[in-house]
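Next comes model.pdb, a file with PDB, C-alpha atoms.
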ATOM      1  CA  MET A   6      95.065  93.217  89.224
ATOM      2  CA  ARG A   7      93.614  92.657  85.760
ATOM      3  CA  LEU A   8      95.906  92.283  82.772
ATOM      4  CA  ARG A   9      95.528  91.754  79.057
ATOM      5  CA  THR A  10      98.674  90.152  77.697
ATOM      6  CA  ARG A  11      99.761  89.470  74.134
ATOM      7  CA  THR A  12     102.768  88.243  72.226
ATOM      8  CA  ASP A  13     104.977  90.755  70.413
ATOM      9  CA  ASP A  14     103.386  89.856  67.077
ATOM     10  CA  GLY A  15      99.854  90.250  68.519
ATOM     11  CA  VAL A  16      98.742  86.781  67.442
ATOM     12  CA  ARG A  17      98.088  85.337  70.926
ATOM     13  CA  THR A  18      96.357  87.156  73.767
ATOM     14  CA  GLN A  19      95.282  86.219  77.295
ATOM     15  CA  ASN A  20      93.171  88.081  79.845
ATOM     16  CA  LEU A  21      93.993  87.296  83.455
ATOM     17  CA  THR A  22      93.282  88.430  86.966
ATOM     18  CA  ILE A  23      96.006  88.165  89.616
ATOM     19  CA  ASP A  24      94.659  87.921  93.162
ATOM     20  CA  GLY A  25      96.371  87.511  96.481
ATOM     21  CA  SER A  26      97.056  88.629 100.015
ATOM     22  CA  VAL A  27     100.655  89.406 100.869
ATOM     23  CA  VAL A  28     102.383  90.471 104.099
ATOM     24  CA  TYR A  29     104.949  93.261 103.661
ATOM     25  CA  VAL A  30     107.586  94.604 106.033
ATOM     26  CA  ALA A  31     107.896  98.320 105.323
ATOM     27  CA  ALA A  32     110.160 101.220 106.275
ATOM     28  CA  ARG A  33     109.681 104.949 105.731
ATOM     29  CA  PHE A  34     112.200 107.769 105.922
ATOM     30  CA  GLY A  35     111.331 111.430 105.728
ATOM     31  CA  ALA A  36     113.267 114.662 106.056
ATOM     32  CA  GLU A  37     112.099 118.241 105.788
ATOM     33  CA  TRP A  38     113.953 121.541 105.551
ATOM     34  CA  ARG A  39     111.967 124.734 105.113
ATOM     35  CA  GLU A  40     109.765 124.204 102.051
ATOM     36  CA  LEU A  41     111.623 121.108 100.764
ATOM     37  CA  SER A  42     110.929 117.545 101.842
ATOM     38  CA  LEU A  43     112.265 114.110 100.931
ATOM     39  CA  GLU A  44     110.367 110.833 101.423
ATOM     40  CA  LEU A  45     111.642 107.289 100.877
ATOM     41  CA  ASP A  46     109.404 104.223 101.238
ATOM     42  CA  TYR A  47     110.499 100.612 100.946
ATOM     43  CA  ALA A  48     108.285  97.533 101.323
ATOM     44  CA  TYR A  49     109.581  93.957 101.201
ATOM     45  CA  SER A  50     107.784  90.618 101.233
ATOM     46  CA  PRO A  51     110.123  87.609 101.473
ATOM     47  CA  GLU A  52     107.685  84.940 100.226
ATOM     48  CA  LEU A  53     104.999  85.885 102.772
ATOM     49  CA  SER A  54     101.984  85.304 100.535
ATOM     50  CA  LEU A  55      98.893  84.355 102.554
ATOM     51  CA  SER A  56      96.811  83.386  99.530
ATOM     52  CA  GLY A  57      96.563  83.910  95.809
ATOM     53  CA  ASP A  58      98.934  83.996  92.885
ATOM     54  CA  PHE A  59     101.862  86.095  94.152
ATOM     55  CA  GLU A  60     105.066  84.208  94.895
ATOM     56  CA  ASP A  61     108.771  84.639  95.604
ATOM     57  CA  THR A  62     110.055  88.013  96.799
ATOM     58  CA  LEU A  63     107.950  91.135  96.271
ATOM     59  CA  GLN A  64     109.450  94.626  96.576
ATOM     60  CA  ASP A  65     108.221  98.194  96.325
ATOM     61  CA  LEU A  66     110.499 101.253  96.418
ATOM     62  CA  GLU A  67     109.403 104.866  96.113
ATOM     63  CA  GLY A  68     111.366 108.103  96.452
ATOM     64  CA  ARG A  69     109.795 111.549  96.305
ATOM     65  CA  ILE A  70     111.006 115.129  96.699
ATOM     66  CA  SER A  71     108.488 117.908  97.320
ATOM     67  CA  TYR A  72     108.478 121.691  97.344
ATOM     68  CA  ARG A  73     105.709 123.532  99.206
ATOM     69  CA  LEU A  74     105.026 127.103  98.108
ATOM     70  CA  PRO A  75     105.503 129.457 101.067
ATOM     71  CA  GLN A  76     102.192 130.487 102.677
ATOM     72  CA  ARG A  77     100.199 128.615 100.035
ATOM     73  CA  ASP A  78      98.372 125.309 100.030
ATOM     74  CA  VAL A  79     100.208 124.060  96.935
ATOM     75  CA  THR A  80     102.975 121.440  96.836
ATOM     76  CA  PHE A  81     104.888 120.274  93.762
ATOM     77  CA  PHE A  82     106.507 116.838  93.812
ATOM     78  CA  ALA A  83     108.694 114.589  91.673
ATOM     79  CA  GLY A  84     109.658 111.008  92.337
ATOM     80  CA  TYR A  85     110.336 107.521  91.120
ATOM     81  CA  ARG A  86     108.629 104.201  91.879
ATOM     82  CA  PHE A  87     109.786 100.629  91.299
ATOM     83  CA  SER A  88     107.785  97.481  92.129
ATOM     84  CA  GLU A  89     108.453  93.789  91.495
ATOM     85  CA  LEU A  90     105.397  91.494  91.507
ATOM     86  CA  PRO A  91     106.089  87.891  90.419
ATOM     87  CA  ALA A  92     102.972  85.702  90.128
ATOM     88  CA  ARG A  93     101.979  82.265  88.867
ATOM     89  CA  GLY A  94      98.541  80.750  88.377
ATOM     90  CA  ALA A  95      95.853  79.922  85.829
ATOM     91  CA  ALA A  96      93.173  81.977  84.086
ATOM     92  CA  ASN A  97      90.365  80.365  82.069
ATOM     93  CA  GLY A  98      92.227  77.054  82.142
ATOM     94  CA  LEU A  99      95.445  78.539  80.752
ATOM     95  CA  PRO A 100      98.538  78.816  82.959
ATOM     96  CA  PHE A 101     100.445  82.074  83.369
ATOM     97  CA  ASP A 102     103.835  82.952  84.803
ATOM     98  CA  ALA A 103     104.143  86.701  85.301
ATOM     99  CA  ASP A 104     107.309  88.557  86.255
ATOM    100  CA  LEU A 105     105.787  92.017  86.546
ATOM    101  CA  GLU A 106     107.792  95.200  87.041
ATOM    102  CA  ILE A 107     106.198  98.577  87.506
ATOM    103  CA  ALA A 108     108.675 101.411  87.166
ATOM    104  CA  GLY A 109     108.432 105.066  86.308
ATOM    105  CA  PHE A 110     108.740 108.693  87.221
ATOM    106  CA  GLN A 111     106.064 110.733  88.989
ATOM    107  CA  LEU A 112     105.401 114.438  88.604
ATOM    108  CA  GLY A 113     102.517 116.090  90.354
ATOM    109  CA  LEU A 114     100.824 118.811  92.273
ATOM    110  CA  THR A 115      98.936 118.676  95.555
ATOM    111  CA  VAL A 116      96.390 121.360  96.402
ATOM    112  CA  THR A 117      94.990 121.444  99.933
ATOM    113  CA  PHE A 118      91.822 123.334 100.785
TER     114      PHE A 118
END

Whole structure given in structure tokens:
Amino acid sequence: MRLRTRTDDGVRTQNLTIDGSVVYVAARFGAEWRELSLELDYAYSPELSLSGDFEDTLQDLEGRISYRLPQRDVTFFAGYRFSELPARGAANGLPFDADLEIAGFQLGLTVTF
């Protein structure tokens, strides 16, 4: 993961790369009824970092609902994703302490051919 960070006033900046290998325990739930489907994914890493900058507890949660057009190869989906990625290390001799959160909605279309 490569990041370019800066203070709110834009005076100080730092480029950094966060590396690491992490072991996750994951669970997936799915349900389907006619053309509608629901998928829930959850991954959890309770301080199981093998190497790198990631530390503490890492989590990833994603929920998605999909609608497949009848007798077509087109599926519409909407969902939400939330990830927590705390990391600590050094880049170019400067230390960093990152408490990253990735969160947002997803809207999309899948076409199969």

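Put simply, CA of Gly25 (chain A) is 25.1 Å away from CA of Thr12 (chain A).
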
CA of Arg69 (chain A) to CA of Glu106 (chain A): how many Å, to one decimal?
->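 Going from CA of Arg69 (chain A) over to CA of Glu106 (chain A), I get 18.9 Å.
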
What's the 10 Å shell around Leu99 (chain A), counting all atoms listed in the file, without same-chain residues fewer than 3 positions away, as number ranges by chain?
-> A: 19-21, 94-96

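Against this structure, the PyMOL selection byres ((chain A and resi 87) around 7) ends up with A:Asp65, A:Leu66, A:Glu67, A:Tyr85, A:Arg86, A:Ser88, A:Glu89, A:Ile107, A:Ala108, A:Gly109.
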
Find the spatial neighbours of region 36-48 of chain A, counting all atoms listed in the file, within a cut-off of 10 Å - ignore same-chain residues fewer than 5 positions away - and output them as an mmCIF file with C-alpha atoms, in the frame of the given file.
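Contents of the output file result.cif:
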data_model
loop_
_atom_site.group_PDB
_atom_site.id
_atom_site.type_symbol
_atom_site.label_atom_id
_atom_site.label_comp_id
_atom_site.auth_asym_id
_atom_site.auth_seq_id
_atom_site.Cartn_x
_atom_site.Cartn_y
_atom_site.Cartn_z
ATOM 1 C CA VAL A 28 102.383 90.471 104.099
ATOM 2 C CA TYR A 29 104.949 93.261 103.661
ATOM 3 C CA VAL A 30 107.586 94.604 106.033
ATOM 4 C CA ALA A 31 107.896 98.320 105.323
ATOM 5 C CA LEU A 63 107.950 91.135 96.271
ATOM 6 C CA GLN A 64 109.450 94.626 96.576
ATOM 7 C CA ASP A 65 108.221 98.194 96.325
ATOM 8 C CA LEU A 66 110.499 101.253 96.418
ATOM 9 C CA GLU A 67 109.403 104.866 96.113
ATOM 10 C CA GLY A 68 111.366 108.103 96.452
ATOM 11 C CA ARG A 69 109.795 111.549 96.305
ATOM 12 C CA ILE A 70 111.006 115.129 96.699
ATOM 13 C CA SER A 71 108.488 117.908 97.320
ATOM 14 C CA TYR A 72 108.478 121.691 97.344
ATOM 15 C CA ARG A 73 105.709 123.532 99.206
ATOM 16 C CA LEU A 74 105.026 127.103 98.108
ATOM 17 C CA PRO A 75 105.503 129.457 101.067
ATOM 18 C CA GLN A 76 102.192 130.487 102.677
ATOM 19 C CA THR A 80 102.975 121.440 96.836
ATOM 20 C CA PHE A 81 104.888 120.274 93.762
ATOM 21 C CA PHE A 82 106.507 116.838 93.812
ATOM 22 C CA ALA A 83 108.694 114.589 91.673
ATOM 23 C CA GLY A 84 109.658 111.008 92.337
ATOM 24 C CA TYR A 85 110.336 107.521 91.120
ATOM 25 C CA ARG A 86 108.629 104.201 91.879
ATOM 26 C CA PHE A 87 109.786 100.629 91.299
ATOM 27 C CA SER A 88 107.785 97.481 92.129
#

Students should find that CA of Asp24 (chain A) and CA of Met6 (chain A) are spaced 6.6 Å

Residue nearest Thr22 (chain A) - candidates A:Ser50, A:Thr62, A:Asn97, A:Thr115, atoms counted: only C-alpha atoms =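 Among the listed residues, A:Asn97 lies closest to Thr22 (chain A).
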
Considering only C-alpha atoms, state which residue in the set A:Ala103, A:Val116, A:Leu90, A:Val27 is at the smallest distance from Leu53 (chain A).
->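 Of A:Ala103, A:Val116, A:Leu90, A:Val27, the one nearest Leu53 (chain A), counting only C-alpha atoms, is A:Val27.
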
Restricting to all atoms listed in the file, whichever of A:Pro91, A:Gly113, A:Asp102, A:Gly15 is closest to Ser54 (chain A) is A:Pro91

Pick from A:Leu55, A:Val79, A:Leu8, A:Leu112 nearest to Ile23 (chain A), counting only C-alpha atoms =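 Of all the options, A:Leu8 lies closest to Ile23 (chain A).
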
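Distance check against Phe59 (chain A) using all atoms listed in the file: of A:Pro100, A:Ala92, A:Arg9, A:Arg17, the minimum falls on A:Ala92.
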
For Ser26 (chain A), which residue among A:Phe118, A:Arg93, A:Gly57, A:Leu105 is the nearest when counting only C-alpha atoms?
-> A:Gly57
